Structure formats: structure tokens, C-alpha cells
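One file, start32.pdb, is given below (PDB, C-alpha atoms).
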ATOM      1  CA  MET A 228      48.957 148.684  20.402
ATOM      2  CA  ASN A 229      52.147 146.920  19.298
ATOM      3  CA  ARG A 230      54.067 150.117  19.255
ATOM      4  CA  ASN A 231      52.993 150.803  22.855
ATOM      5  CA  LEU A 232      54.201 147.347  23.950
ATOM      6  CA  ASP A 233      57.529 147.876  22.230
ATOM      7  CA  ASP A 234      57.912 151.200  23.956
ATOM      8  CA  ASP A 235      57.050 149.699  27.339
ATOM      9  CA  LEU A 236      59.564 146.902  26.892
ATOM     10  CA  ARG A 237      62.235 149.277  25.732
ATOM     11  CA  ALA A 238      61.610 151.470  28.713
ATOM     12  CA  ALA A 239      61.660 148.538  31.146
ATOM     13  CA  LEU A 240      64.717 146.831  29.755
ATOM     14  CA  GLY A 241      66.606 149.936  28.993
ATOM     15  CA  ARG A 242      69.994 150.562  30.579
ATOM     16  CA  GLN A 243      69.856 152.460  33.811
ATOM     17  CA  ASP A 244      72.629 153.732  36.029
ATOM     18  CA  ALA A 245      73.156 151.904  39.302
ATOM     19  CA  PRO A 246      72.247 153.823  42.477
ATOM     20  CA  ASP A 247      75.021 155.656  44.234
ATOM     21  CA  GLY A 248      77.349 153.407  46.246
ATOM     22  CA  PHE A 249      75.965 150.175  44.752
ATOM     23  CA  ALA A 250      79.376 148.927  43.692
ATOM     24  CA  GLU A 251      80.850 149.593  47.146
ATOM     25  CA  ARG A 252      78.028 147.743  48.855
ATOM     26  CA  VAL A 253      78.431 144.727  46.538
ATOM     27  CA  LEU A 254      82.179 144.643  47.131
ATOM     28  CA  ALA A 255      81.671 144.990  50.866
ATOM     29  CA  ALA A 256      79.222 142.103  50.892
ATOM     30  CA  THR A 257      81.586 139.833  49.013
ATOM     31  CA  ARG A 258      84.617 140.707  51.194
ATOM     32  CA  PRO A 259      85.709 137.754  53.450
ATOM     33  CA  ARG A 260      84.895 138.182  57.147
ATOM     34  CA  PRO A 261      87.536 136.181  59.015
ATOM     35  CA  VAL A 262      86.475 137.199  62.506
ATOM     36  CA  VAL A 263      82.861 136.161  62.053
ATOM     37  CA  ALA A 264      83.919 132.859  60.493
ATOM     38  CA  ARG A 265      86.357 131.921  63.316
ATOM     39  CA  ARG A 266      84.101 132.622  66.259
ATOM     40  CA  PRO A 267      82.184 129.281  66.214
ATOM     41  CA  VAL A 268      85.462 127.327  65.940
ATOM     42  CA  ARG A 269      86.822 129.076  69.038
ATOM     43  CA  TRP A 270      83.695 128.229  71.029
ATOM     44  CA  ALA A 271      83.864 124.653  69.845
ATOM     45  CA  TRP A 272      87.396 124.338  71.180
ATOM     46  CA  ALA A 273      86.322 125.883  74.462
ATOM     47  CA  GLY A 274      83.559 123.303  74.695
ATOM     48  CA  VAL A 275      85.959 120.450  73.980
ATOM     49  CA  ALA A 276      88.394 121.802  76.571
ATOM     50  CA  LEU A 277      85.623 122.098  79.157
ATOM     51  CA  ALA A 278      84.380 118.574  78.459
ATOM     52  CA  ALA A 279      87.932 117.233  78.664
ATOM     53  CA  SER A 280      88.518 119.078  81.936
ATOM     54  CA  LEU A 281      85.305 117.714  83.381
ATOM     55  CA  THR A 282      86.150 114.188  82.264
ATOM     56  CA  LEU A 283      89.632 114.472  83.723
ATOM     57  CA  GLY A 284      88.236 115.954  86.929
ATOM     58  CA  VAL A 285      85.667 113.193  87.348
ATOM     59  CA  GLY A 286      88.303 110.583  86.474
ATOM     60  CA  PHE A 287      90.728 112.018  89.003
ATOM     61  CA  VAL A 288      88.079 112.040  91.742
ATOM     62  CA  GLU A 289      87.116 108.463  90.895
ATOM     63  CA  VAL A 290      90.730 107.234  90.880
ATOM     64  CA  ARG A 291      91.373 109.013  94.172
ATOM     65  CA  ARG A 292      88.228 107.517  95.704
ATOM     66  CA  GLU A 293      89.239 104.037  94.561
ATOM     67  CA  THR A 294      92.781 104.528  95.863
ATOM     68  CA  GLN A 295      91.474 105.654  99.226
ATOM     69  CA  GLN A 296      89.057 102.732  99.360
ATOM     70  CA  ARG A 297      91.860 100.332  98.497
ATOM     71  CA  GLU A 298      94.111 101.822 101.167
ATOM     72  CA  ARG A 299      91.322 101.564 103.741
ATOM     73  CA  GLY A 300      90.631  97.987 102.664
ATOM     74  CA  LEU A 301      94.284  96.990 102.973
ATOM     75  CA  GLU A 302      94.473  98.695 106.359
ATOM     76  CA  ALA A 303      91.330  96.839 107.459
ATOM     77  CA  LYS A 304      92.872  93.591 106.208
ATOM     78  CA  GLN A 305      96.004  94.170 108.306
ATOM     79  CA  GLU A 306      93.855  94.925 111.335
ATOM     80  CA  LEU A 307      91.799  91.812 110.731
ATOM     81  CA  MET A 308      94.888  89.617 110.421
ATOM     82  CA  GLN A 309      96.293  91.122 113.627
ATOM     83  CA  ALA A 310      92.964  90.602 115.418
ATOM     84  CA  MET A 311      92.829  86.987 114.285
ATOM     85  CA  ARG A 312      96.421  86.393 115.435
ATOM     86  CA  VAL A 313      95.587  87.716 118.889
ATOM     87  CA  THR A 314      92.308  85.763 118.994
ATOM     88  CA  GLY A 315      93.981  82.546 117.889
ATOM     89  CA  SER A 316      96.849  82.908 120.338
ATOM     90  CA  LYS A 317      94.607  83.673 123.296
ATOM     91  CA  LEU A 318      92.299  80.791 122.490
ATOM     92  CA  ARG A 319      95.310  78.516 122.255
ATOM     93  CA  LEU A 320      96.581  79.848 125.561
ATOM     94  CA  ALA A 321      93.260  79.019 127.225
ATOM     95  CA  LYS A 322      93.185  75.637 125.506
ATOM     96  CA  GLU A 323      96.725  74.773 126.606
ATOM     97  CA  ARG A 324      95.954  75.787 130.185
ATOM     98  CA  VAL A 325      92.964  73.464 130.207
ATOM     99  CA  ARG A 326      95.041  70.683 128.618
ATOM    100  CA  HIS A 327      97.808  71.155 131.224
ATOM    101  CA  PHE A 328      95.251  70.974 133.971
ATOM    102  CA  ASN A 329      93.725  67.802 132.545
ATOM    103  CA  GLU A 330      97.142  66.163 132.225
TER     104      GLU A 330
ATOM    105  CA  MET B 266      72.847 119.726 124.125
ATOM    106  CA  ASN B 267      74.562 117.251 126.453
ATOM    107  CA  LYS B 268      71.241 115.497 126.980
ATOM    108  CA  ARG B 269      70.841 115.182 123.210
ATOM    109  CA  VAL B 270      74.332 113.725 122.812
ATOM    110  CA  GLY B 271      73.704 111.409 125.730
ATOM    111  CA  GLY B 272      70.429 110.296 124.194
ATOM    112  CA  LEU B 273      72.114 109.669 120.855
ATOM    113  CA  LEU B 274      74.859 107.617 122.489
ATOM    114  CA  LEU B 275      72.238 105.625 124.358
ATOM    115  CA  LEU B 276      70.393 104.940 121.113
ATOM    116  CA  LEU B 277      73.623 103.855 119.453
ATOM    117  CA  ALA B 278      74.415 101.581 122.379
ATOM    118  CA  LEU B 279      70.971 100.052 122.177
ATOM    119  CA  ALA B 280      71.351  99.581 118.417
ATOM    120  CA  ALA B 281      74.540  97.535 118.877
ATOM    121  CA  PRO B 282      74.148  93.740 118.798
ATOM    122  CA  ALA B 283      73.805  91.948 122.128
ATOM    123  CA  GLN B 284      77.045  90.071 121.446
ATOM    124  CA  GLU B 285      79.000  93.320 121.329
ATOM    125  CA  ILE B 286      80.729  94.259 124.572
ATOM    126  CA  LYS B 287      79.837  97.891 125.093
ATOM    127  CA  SER B 288      82.345  98.585 127.865
ATOM    128  CA  LEU B 289      85.237  97.569 125.598
ATOM    129  CA  LYS B 290      85.691 101.149 124.417
ATOM    130  CA  ALA B 291      86.269 102.271 127.983
ATOM    131  CA  LEU B 292      89.563 100.367 127.860
ATOM    132  CA  ASP B 293      90.884 102.818 125.266
ATOM    133  CA  ALA B 294      91.806 105.062 128.181
ATOM    134  CA  LEU B 295      94.564 102.547 129.012
ATOM    135  CA  GLU B 296      96.380 103.224 125.746
ATOM    136  CA  ALA B 297      98.402 106.039 127.273
ATOM    137  CA  LYS B 298      99.811 103.695 129.918
ATOM    138  CA  ALA B 299     100.543 100.777 127.587
ATOM    139  CA  SER B 300     103.954  99.993 126.149
ATOM    140  CA  GLU B 301     102.390  97.810 123.446
ATOM    141  CA  ARG B 302      98.841  97.878 122.270
ATOM    142  CA  VAL B 303      96.463  96.357 119.776
ATOM    143  CA  ASN B 304      93.261  98.204 118.999
ATOM    144  CA  VAL B 305      91.045  96.724 116.327
ATOM    145  CA  THR B 306      87.481  97.794 115.622
ATOM    146  CA  LEU B 307      86.002  96.268 112.504
ATOM    147  CA  ASP B 308      82.277  96.497 111.956
ATOM    148  CA  ALA B 309      80.400  94.577 109.254
ATOM    149  CA  ASN B 310      81.260  97.106 106.517
ATOM    150  CA  LEU B 311      84.966  97.186 107.307
ATOM    151  CA  LEU B 312      85.050  93.406 107.628
ATOM    152  CA  GLN B 313      83.527  93.076 104.192
ATOM    153  CA  MET B 314      86.075  95.542 102.838
ATOM    154  CA  ALA B 315      88.946  93.690 104.537
ATOM    155  CA  THR B 316      87.929  90.244 103.310
ATOM    156  CA  LYS B 317      87.971  91.499  99.716
ATOM    157  CA  PHE B 318      91.727  91.863 100.047
ATOM    158  CA  LEU B 319      92.319  88.433 101.579
ATOM    159  CA  SER B 320      93.898  86.214  98.985
ATOM    160  CA  GLN B 321      92.559  82.752  98.360
ATOM    161  CA  ASP B 322      96.034  81.729  97.164
ATOM    162  CA  ASN B 323      97.607  82.474 100.536
ATOM    163  CA  SER B 324      96.675  79.598 102.871
ATOM    164  CA  GLU B 325      96.702  81.761 106.022
ATOM    165  CA  GLU B 326      94.572  84.448 104.462
ATOM    166  CA  ALA B 327      92.239  81.851 103.008
ATOM    167  CA  LYS B 328      91.752  80.372 106.493
ATOM    168  CA  VAL B 329      91.010  83.802 107.945
ATOM    169  CA  LYS B 330      88.607  84.501 105.096
ATOM    170  CA  LYS B 331      86.729  81.304 105.870
ATOM    171  CA  ALA B 332      86.764  81.898 109.627
ATOM    172  CA  VAL B 333      85.397  85.441 109.393
ATOM    173  CA  SER B 334      82.960  84.880 106.544
ATOM    174  CA  LYS B 335      79.985  84.890 108.905
ATOM    175  CA  LEU B 336      81.258  87.508 111.328
ATOM    176  CA  LYS B 337      79.602  90.883 111.731
ATOM    177  CA  GLY B 338      82.154  92.498 113.974
ATOM    178  CA  VAL B 339      85.687  92.043 115.287
ATOM    179  CA  TYR B 340      86.780  94.027 118.311
ATOM    180  CA  VAL B 341      90.131  93.572 120.029
ATOM    181  CA  ARG B 342      91.822  95.541 122.752
ATOM    182  CA  GLY B 343      95.229  94.325 123.870
ATOM    183  CA  PHE B 344      97.669  96.090 126.171
ATOM    184  CA  GLU B 345     101.066  95.288 127.578
ATOM    185  CA  PHE B 346     102.405  97.424 130.364
ATOM    186  CA  GLU B 347     105.867  98.077 131.701
ATOM    187  CA  GLN B 348     104.640  97.988 135.258
ATOM    188  CA  GLU B 349     102.023  96.138 137.215
ATOM    189  CA  GLY B 350      98.802  97.798 138.310
ATOM    190  CA  ALA B 351      98.342  99.870 135.178
ATOM    191  CA  TYR B 352      94.731  98.820 134.933
ATOM    192  CA  SER B 353      92.210  98.379 137.684
ATOM    193  CA  LYS B 354      90.090  95.418 138.675
ATOM    194  CA  ALA B 355      87.074  97.598 137.931
ATOM    195  CA  ASP B 356      88.115  97.771 134.244
ATOM    196  CA  VAL B 357      87.976  93.997 133.994
ATOM    197  CA  ASP B 358      84.911  93.625 136.200
ATOM    198  CA  ALA B 359      82.910  95.951 133.916
ATOM    199  CA  ILE B 360      83.523  93.524 131.065
ATOM    200  CA  ARG B 361      82.833  90.443 133.184
ATOM    201  CA  LYS B 362      79.577  92.028 134.293
ATOM    202  CA  GLU B 363      78.430  92.365 130.689
ATOM    203  CA  LEU B 364      79.295  88.745 130.086
ATOM    204  CA  LYS B 365      77.172  87.551 132.979
ATOM    205  CA  THR B 366      73.901  87.776 131.034
ATOM    206  CA  PRO B 367      72.098  84.467 130.328
ATOM    207  CA  ASP B 368      73.047  84.537 126.626
ATOM    208  CA  TRP B 369      76.733  84.337 127.467
ATOM    209  CA  SER B 370      78.300  81.135 128.779
ATOM    210  CA  ARG B 371      81.773  80.940 130.255
ATOM    211  CA  ILE B 372      83.318  77.818 128.784
ATOM    212  CA  VAL B 373      86.896  78.307 130.031
ATOM    213  CA  ASP B 374      88.078  79.931 133.221
ATOM    214  CA  THR B 375      91.712  79.398 134.138
ATOM    215  CA  PHE B 376      94.108  81.108 136.478
ATOM    216  CA  SER B 377      97.842  80.633 136.736
ATOM    217  CA  LYS B 378      99.068  81.499 140.190
ATOM    218  CA  LYS B 379     102.646  81.538 138.940
ATOM    219  CA  ASP B 380     101.941  84.128 136.252
ATOM    220  CA  GLY B 381      99.057  85.716 138.083
ATOM    221  CA  GLU B 382      97.220  85.524 134.791
ATOM    222  CA  SER B 383      93.641  84.557 134.147
ATOM    223  CA  ALA B 384      92.203  83.415 130.837
ATOM    224  CA  GLU B 385      88.479  83.226 130.248
ATOM    225  CA  VAL B 386      86.521  82.245 127.163
ATOM    226  CA  TYR B 387      82.835  83.062 126.768
ATOM    227  CA  LEU B 388      80.381  82.028 124.074
ATOM    228  CA  HIS B 389      77.225  83.854 123.142
ATOM    229  CA  LEU B 390      74.551  81.362 122.196
ATOM    230  CA  THR B 391      71.394  81.999 120.222
ATOM    231  CA  LYS B 392      69.091  78.994 119.827
ATOM    232  CA  GLY B 393      72.017  76.676 120.413
ATOM    233  CA  LEU B 394      74.259  78.343 117.854
ATOM    234  CA  VAL B 395      77.433  80.247 118.666
ATOM    235  CA  THR B 396      76.757  83.839 117.683
ATOM    236  CA  GLY B 397      79.478  85.577 119.653
ATOM    237  CA  LEU B 398      82.793  85.020 121.354
ATOM    238  CA  ALA B 399      84.641  86.842 124.086
ATOM    239  CA  VAL B 400      88.138  86.110 125.348
ATOM    240  CA  LEU B 401      89.468  87.874 128.390
ATOM    241  CA  VAL B 402      93.100  87.463 129.385
ATOM    242  CA  ALA B 403      94.243  89.485 132.365
ATOM    243  CA  GLY B 404      97.760  89.348 133.768
ATOM    244  CA  PRO B 405      99.772  91.667 135.990
ATOM    245  CA  LYS B 406     101.271  93.439 132.979
ATOM    246  CA  GLU B 407      98.820  92.469 130.295
ATOM    247  CA  LEU B 408      95.170  92.856 129.469
ATOM    248  CA  THR B 409      93.576  91.477 126.321
ATOM    249  CA  VAL B 410      89.916  91.403 125.399
ATOM    250  CA  VAL B 411      88.656  89.851 122.179
ATOM    251  CA  ASN B 412      85.050  90.183 121.100
ATOM    252  CA  LEU B 413      83.767  88.558 117.923
ATOM    253  CA  VAL B 414      80.204  89.086 116.764
ATOM    254  CA  GLY B 415      78.536  86.631 114.419
ATOM    255  CA  SER B 416      78.515  82.951 113.647
ATOM    256  CA  ILE B 417      81.747  81.362 114.856
ATOM    257  CA  ASP B 418      83.615  78.087 114.532
ATOM    258  CA  ILE B 419      85.846  78.165 117.601
ATOM    259  CA  GLU B 420      88.068  75.320 116.365
ATOM    260  CA  GLU B 421      88.803  77.219 113.172
ATOM    261  CA  LEU B 422      89.761  80.265 115.187
ATOM    262  CA  SER B 423      92.108  78.517 117.605
ATOM    263  CA  ASP B 424      93.729  76.861 114.605
ATOM    264  CA  LEU B 425      94.635  80.304 113.280
ATOM    265  CA  GLY B 426      96.883  81.089 116.229
ATOM    266  CA  GLY B 427      98.850  77.906 115.581
ATOM    267  CA  LYS B 428      99.290  78.586 111.902
ATOM    268  CA  PHE B 429     100.376  82.158 112.344
ATOM    269  CA  GLY B 430     103.319  81.309 114.561
ATOM    270  CA  ILE B 431     104.033  83.143 117.761
ATOM    271  CA  PRO B 432     102.354  86.517 117.733
ATOM    272  CA  GLU B 433     103.696  89.672 119.365
ATOM    273  CA  MET B 434     101.248  89.631 122.186
ATOM    274  CA  GLU B 435     101.903  85.958 122.969
ATOM    275  CA  ARG B 436     103.831  85.193 126.097
ATOM    276  CA  LYS B 437     107.452  84.452 125.370
ATOM    277  CA  LYS B 438     107.926  82.058 128.199
ATOM    278  CA  ALA B 439     106.619  78.535 128.120
ATOM    279  CA  LEU B 440     103.500  77.776 130.030
ATOM    280  CA  ALA B 441     104.175  76.413 133.441
ATOM    281  CA  PRO B 442     101.819  73.820 134.883
ATOM    282  CA  PRO B 443      99.313  75.846 136.883
ATOM    283  CA  LYS B 444      99.493  75.153 140.598
ATOM    284  CA  ALA B 445      96.095  76.696 141.205
ATOM    285  CA  PRO B 446      94.344  76.165 137.929
ATOM    286  CA  GLN B 447      90.805  77.190 138.827
ATOM    287  CA  LYS B 448      89.729  80.559 140.090
ATOM    288  CA  ASP B 449      86.619  81.204 142.218
TER     289      ASP B 449
END
Mind converting the file's structure to C-alpha cells?
Amino acid sequence: MNRNLDDDLRAALGRQDAPDGFAERVLAATRPRPVVARRPVRWAWAGVALAASLTLGVGFVEVRRETQQRERGLEAKQELMQAMRVTGSKLRLAKERVRHFNE
Amino acid sequence: MNKRVGGLLLLLALAAPAQEIKSLKALDALEAKASERVNVTLDANLLQMATKFLSQDNSEEAKVKKAVSKLKGVYVRGFEFEQEGAYSKADVDAIRKELKTPDWSRIVDTFSKKDGESAEVYLHLTKGLVTGLAVLVAGPKELTVVNLVGSIDIEELSDLGGKFGIPEMERKKALAPPKAPQKD
């Protein structure tokens, strides 16, 4: 019984030759793969660039919109001031005519 | 198609406040004949935008800001012509006709025979409050129509002309005593 167990252990733990090409496969697996490692970094940069472009684009549109609104507002202000000048002067003209007549 | 456009224009005209002179836009045709012109169309949105840029530190702008705070529209058409007869009586009569409705009251009506110029001031009243103003000044070489829509303090407005100095459209010559002051 004991002898059989010894034999089984000896057979199981005995030195065996590695299968053909085992060493090459191990070396190949441990070889660094630069291309596979860099790919996610490249995509990350592309994402950052896209986000930056979008932010810049939205910012540019917003600044342009605000500039246009400001220009329109200033233009409207000038028109309003001009309108009030004309209104004031014509009202004064009418007022002075009435005053002249009353005098 | 034309009927649709016409219908749309009619709807827009009906949507405009009663204090707004609809025939004012017809005067734009005179622009080509005018040597000097003022054309201002500011609705409530543009007025709001404009008042944002009026400075409280500048006394003139502060006065304008106060005067227009309750306005909903400012419409001005002013023309100066090189020659007489550039506009027709019908142009002016179309505006006068609009101002003959019961809501409008003519508070000033003057005519200077020397200058051949008439100046009329109308107020639009709603429940005793001034809710619109129209000024019509018609001379041989000048036509000015002012239409303000909204709550108005007329004294505040006439004060503006005095504070702003002599404007471009103002007559350069001094006012002569009118020999025939009242028309009609």
C-alpha cells in the first residue's frame, strides 16, 4: 500500500519535459506591448481635446451673442436718446408757441 | 398667398396698442426725399434693452431713464427737406385721422403763418391717465411725428428738450410771435 503511494507520488512529481514551444509562448506573453498600452491614452487626449473644443465653441458663441446684444442695446440707447431729444424739442416748441400767444 | 400676408398684417395691426399710430410707417416712403431724417422704432423689448445702458450717474440719461420707465413704445419719424412740397397733405391727414378717435385729445394746436408751420400735441387718455402721446409738427420743409406709448409725464418730457440743448431737428431761427396763432 505504502509502496504504491510512493510510486504514485514519484510519478506525479517527477520531472517532465515542457511541451514544445512553451518557452516561446511564456516569453511572448511577458514581452511589453507598447501599442496596446498607449491606445487608451490617445483616446483620452482626443476626448479632452473634443471637450475643450466644445467648451471653447460654446464660449465663443456666448461671447458673440453677448457682444451682439450689447451692440444692439447701445444702438437702441442712442436711438432712444435721439427720440427723446426730438420729443423734448417739439414739445418745447409747442409750449413756446402757446406761451407767445398768451403773452 | 397675398391674402394670407394681408391677413397676417391685419392681425398684427389689430394686435398693436390703440395708442400706436399705425399710419406712421407709411411716412417711411418720404426717406428718399429727405435731406435729414430721424427714424426711431423702439418697442417694449428694445426699450428695456436700451434703458439697461442708460447710466444713473449721467444726469441726462438718468432723466431719460425715469421718463421712459413706464413707456411701452417710442416711435419717431422726422424729416427735413431741401424743397417745399416733398410730402403731401394726405400724409399728414392720415395721421390726424387716426388721432381723431375719442381716446385721443388734442391739447395744443398752433400754427405760425410766418413759418407756415403747425405744431399739434395729442394725449391718449385711459380712465383719466395719460397712456399715450403724439406730437405732429408740419412745416413747408419739415415733418416730424412723435408717438409715445405708455404712461407719460409730459412735464418730464418737455424738460428733456431743454436739458439736451438745441437738437439737430430744432429750428435754428428764433420763434417769431405768431400773427395767426390758431388754425381751424
Non-local contacts of Arg371 of chain B (8 Å; all atoms listed in the file; under 2 positions in same chain excluded) as a compact mmCIF listing (two decimals) with C-alpha atoms, in the coordinates of the input:
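Ended up saving to around01.txt:
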# COMPACT_ATOMS: atom_id res chain seq x y z
CA TRP B 369 76.73 84.34 127.47
CA VAL B 373 86.90 78.31 130.03
CA ASP B 374 88.08 79.93 133.22
CA GLU B 385 88.48 83.23 130.25
CA VAL B 386 86.52 82.24 127.16
CA TYR B 387 82.84 83.06 126.77
CA LEU B 388 80.38 82.03 124.07
(request) Using all atoms listed in the file, find which residues of chain A lie within 9 Å of chain B and jot them down as an MDAnalysis selection string. (result) chainID A and resid 296:297 299:325 327:328
Go ahead and write the residues just picked, C-alpha atoms, as a PDB file, in the coordinates of the input.
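Printed below is part16.pdb as written:
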ATOM      1  CA  GLN A 296      89.057 102.732  99.360  1.00  0.00           C
ATOM      2  CA  ARG A 297      91.860 100.332  98.497  1.00  0.00           C
ATOM      3  CA  ARG A 299      91.322 101.564 103.741  1.00  0.00           C
ATOM      4  CA  GLY A 300      90.631  97.987 102.664  1.00  0.00           C
ATOM      5  CA  LEU A 301      94.284  96.990 102.973  1.00  0.00           C
ATOM      6  CA  GLU A 302      94.473  98.695 106.359  1.00  0.00           C
ATOM      7  CA  ALA A 303      91.330  96.839 107.459  1.00  0.00           C
ATOM      8  CA  LYS A 304      92.872  93.591 106.208  1.00  0.00           C
ATOM      9  CA  GLN A 305      96.004  94.170 108.306  1.00  0.00           C
ATOM     10  CA  GLU A 306      93.855  94.925 111.335  1.00  0.00           C
ATOM     11  CA  LEU A 307      91.799  91.812 110.731  1.00  0.00           C
ATOM     12  CA  MET A 308      94.888  89.617 110.421  1.00  0.00           C
ATOM     13  CA  GLN A 309      96.293  91.122 113.627  1.00  0.00           C
ATOM     14  CA  ALA A 310      92.964  90.602 115.418  1.00  0.00           C
ATOM     15  CA  MET A 311      92.829  86.987 114.285  1.00  0.00           C
ATOM     16  CA  ARG A 312      96.421  86.393 115.435  1.00  0.00           C
ATOM     17  CA  VAL A 313      95.587  87.716 118.889  1.00  0.00           C
ATOM     18  CA  THR A 314      92.308  85.763 118.994  1.00  0.00           C
ATOM     19  CA  GLY A 315      93.981  82.546 117.889  1.00  0.00           C
ATOM     20  CA  SER A 316      96.849  82.908 120.338  1.00  0.00           C
ATOM     21  CA  LYS A 317      94.607  83.673 123.296  1.00  0.00           C
ATOM     22  CA  LEU A 318      92.299  80.791 122.490  1.00  0.00           C
ATOM     23  CA  ARG A 319      95.310  78.516 122.255  1.00  0.00           C
ATOM     24  CA  LEU A 320      96.581  79.848 125.561  1.00  0.00           C
ATOM     25  CA  ALA A 321      93.260  79.019 127.225  1.00  0.00           C
ATOM     26  CA  LYS A 322      93.185  75.637 125.506  1.00  0.00           C
ATOM     27  CA  GLU A 323      96.725  74.773 126.606  1.00  0.00           C
ATOM     28  CA  ARG A 324      95.954  75.787 130.185  1.00  0.00           C
ATOM     29  CA  VAL A 325      92.964  73.464 130.207  1.00  0.00           C
ATOM     30  CA  HIS A 327      97.808  71.155 131.224  1.00  0.00           C
ATOM     31  CA  PHE A 328      95.251  70.974 133.971  1.00  0.00           C
TER      32      PHE A 328
END
(request) Evaluate the PyMOL selection byres ((chain B and resi 350-364) around 9) here and jot the selected residues down as a PyMOL selection string. (result) chain B and resi 286-289+291-292+295+298-299+346-349+365-371+387+389+399+401+403+405-408+410
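Separating atom CA of Lys392 of chain B from atom CA of Asp308 of chain B is a distance of 23.3 Å.
The two atoms in question, atom CA of Asn323 of chain B and atom CA of Asp418 of chain B, are spaced 20.3 Å apart.
Straight-line separation from atom CA of Ser334 of chain B to atom CA of Asp322 of chain B: 16.4 Å.
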(message) Counting all atoms listed in the file, which residues sit no farther than 9 Å from the position (75.1, 97.4, 109.8) in the file's frame? I'd like them as an MDAnalysis selection string.
(response) chainID B and resid 308:310 337
(request) Can you work out which one of B:Ala283, B:Ala297, B:Leu336, B:Ile372 has the shortest atom-to-atom distance to Ile417 of chain B, counting all atoms listed in the file? (result) B:Leu336
